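S.K.: Mind having a look at this structure? Questions to follow.
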Amino acid sequence: WFGSNNTYIKANQIRFGESGAAYIDQYTTGQDINFRTSNSSALDTTGMTLKSNGNLAFADNNGIEFHNYGSGTNISNNLLDDYEEGSWTPAFSRPNMTITNANQVGRYVKIGRVVHIIGSLNTTSESGSTTGGPILVTGLPFTVREARTALSVRPAVWSHDHPSFATFELNQTHFELLEEVEGNPSGSTDLTGGRFAGGTGNYLWFGGSYFTDT
């Protein structure tokens, strides 16, 4: 098809010859525009979709490839194939202890394989054994992979010793609260139930990042 001023569609080319903005219109309200490529077979559906609301969507495991922009060493991937935001529910947990949580707030942003989290919570009651076993915060939105890494914590109104820092536990969906060993700043130990008494209180604000699966 040939239009005016060298505007035409032919073979594998769409050409716009007019000055000003060019448009590809889907005239029916609420319909998407799909771009299909022959990655593995004729007219397969691995291409991107321009949604009717103006958003650009990709099939699973596809995304934006920054192939020509990597400048680091040992680059294993340049594909940005996931972004999401959401909420999760943090909760204190410890073996042999029943804990009532309150004011539980958890938020996350996942970019590729990296999960960024923030949150807060406190307790209103506790019962059971006060010795043995670490104190955890459970409910992370994705499983921790690759490495056991630290996150920042800010405690308040703890009846006994409070956590100095915390670590995301490898292959788990929780982080563990730790305290610095007195006289050994480089050492640490589990924050156990004996330091978690008092019922109401034990406020904790936290934030950090970890790696997960694709």
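Labels used: A, B, ... for chains in the order of the structure tokens, numbers from 1 for residues in each chain, and numbers from 1 for ligands as shown.
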Skipping near chain neighbours, those fewer than 2 positions away, what residues fall within 12 Å of Glu18 in chain A using only C-alpha atoms, listed as a count of residues only?

M.R.: 12

S.K.: Set the distance at 10 Å and use only C-alpha atoms: which residues neighbour range 53-61 of chain A once local chain neighbours fewer than 6 positions away are removed? I'd like the list as a list in words.

M.R.: Gly30, Gln31, Asp32, Ile33, Asn34, Thr45, Thr46, Gly47, Leu79, Leu80, Asp81, Asp82 and Thr214 of chain A

S.K.: From the set A:Thr149, A:Thr167, A:Thr29, A:Thr143, which residue has the shortest atom-to-atom contact distance to Thr212 in chain A, counting only C-alpha atoms?

M.R.: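 Closest candidate: A:Thr143.
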
S.K.: Any idea what's packed within 9 Å of Tyr83 in chain A, counting only C-alpha atoms, ignoring anything in its chain fewer than 2 positions away? Could you give it as a PyMOL selection string?

M.R.: chain A and resi 80-81+85+109-112

S.K.: Suppose we keep N, CA, C and O atoms; can you now write the selection as a PDB file, in the first residue's frame?

M.R.:
```
ATOM      1  N   LEU A  80      16.861  -7.210  31.842  1.00  0.00           N
ATOM      2  CA  LEU A  80      15.964  -6.793  32.916  1.00  0.00           C
ATOM      3  C   LEU A  80      14.594  -7.398  32.630  1.00  0.00           C
ATOM      4  O   LEU A  80      13.856  -6.928  31.765  1.00  0.00           O
ATOM      5  N   ASP A  81      14.276  -8.497  33.337  1.00  0.00           N
ATOM      6  CA  ASP A  81      13.077  -9.259  32.997  1.00  0.00           C
ATOM      7  C   ASP A  81      12.033  -9.283  34.092  1.00  0.00           C
ATOM      8  O   ASP A  81      11.030  -9.999  33.982  1.00  0.00           O
ATOM      9  N   GLU A  85       6.304  -4.508  42.761  1.00  0.00           N
ATOM     10  CA  GLU A  85       6.185  -3.926  44.088  1.00  0.00           C
ATOM     11  C   GLU A  85       5.052  -4.627  44.817  1.00  0.00           C
ATOM     12  O   GLU A  85       4.080  -5.053  44.195  1.00  0.00           O
ATOM     13  N   VAL A 109      10.263  -4.165  46.915  1.00  0.00           N
ATOM     14  CA  VAL A 109      10.424  -3.882  45.490  1.00  0.00           C
ATOM     15  C   VAL A 109      11.410  -4.913  44.956  1.00  0.00           C
ATOM     16  O   VAL A 109      12.496  -5.082  45.516  1.00  0.00           O
ATOM     17  N   LYS A 110      11.034  -5.622  43.900  1.00  0.00           N
ATOM     18  CA  LYS A 110      11.908  -6.623  43.287  1.00  0.00           C
ATOM     19  C   LYS A 110      12.305  -6.138  41.898  1.00  0.00           C
ATOM     20  O   LYS A 110      11.449  -5.873  41.054  1.00  0.00           O
ATOM     21  N   ILE A 111      13.617  -6.012  41.673  1.00  0.00           N
ATOM     22  CA  ILE A 111      14.155  -5.605  40.381  1.00  0.00           C
ATOM     23  C   ILE A 111      15.104  -6.700  39.925  1.00  0.00           C
ATOM     24  O   ILE A 111      16.165  -6.894  40.514  1.00  0.00           O
ATOM     25  N   GLY A 112      14.712  -7.425  38.872  1.00  0.00           N
ATOM     26  CA  GLY A 112      15.503  -8.580  38.484  1.00  0.00           C
ATOM     27  C   GLY A 112      15.520  -9.596  39.607  1.00  0.00           C
ATOM     28  O   GLY A 112      14.475 -10.026  40.095  1.00  0.00           O
TER      29      GLY A 112
END
```

S.K.: Compile the contact shell of range 153-159 of chain A as a ChimeraX atom specification: residues with an atom at most 12 Å away, counting only C-alpha atoms, same-chain residues fewer than 3 positions apart removed.

M.R.: /A:117-124,137,150,162-168,175-179,191,193-208

S.K.: What does the distance from CA of Arg148 in chain A to CA of Asn103 in chain A come to in Å, to one decimal?

M.R.: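 Straight-line distance from CA of Arg148 in chain A to CA of Asn103 in chain A works out to 27.0 Å.
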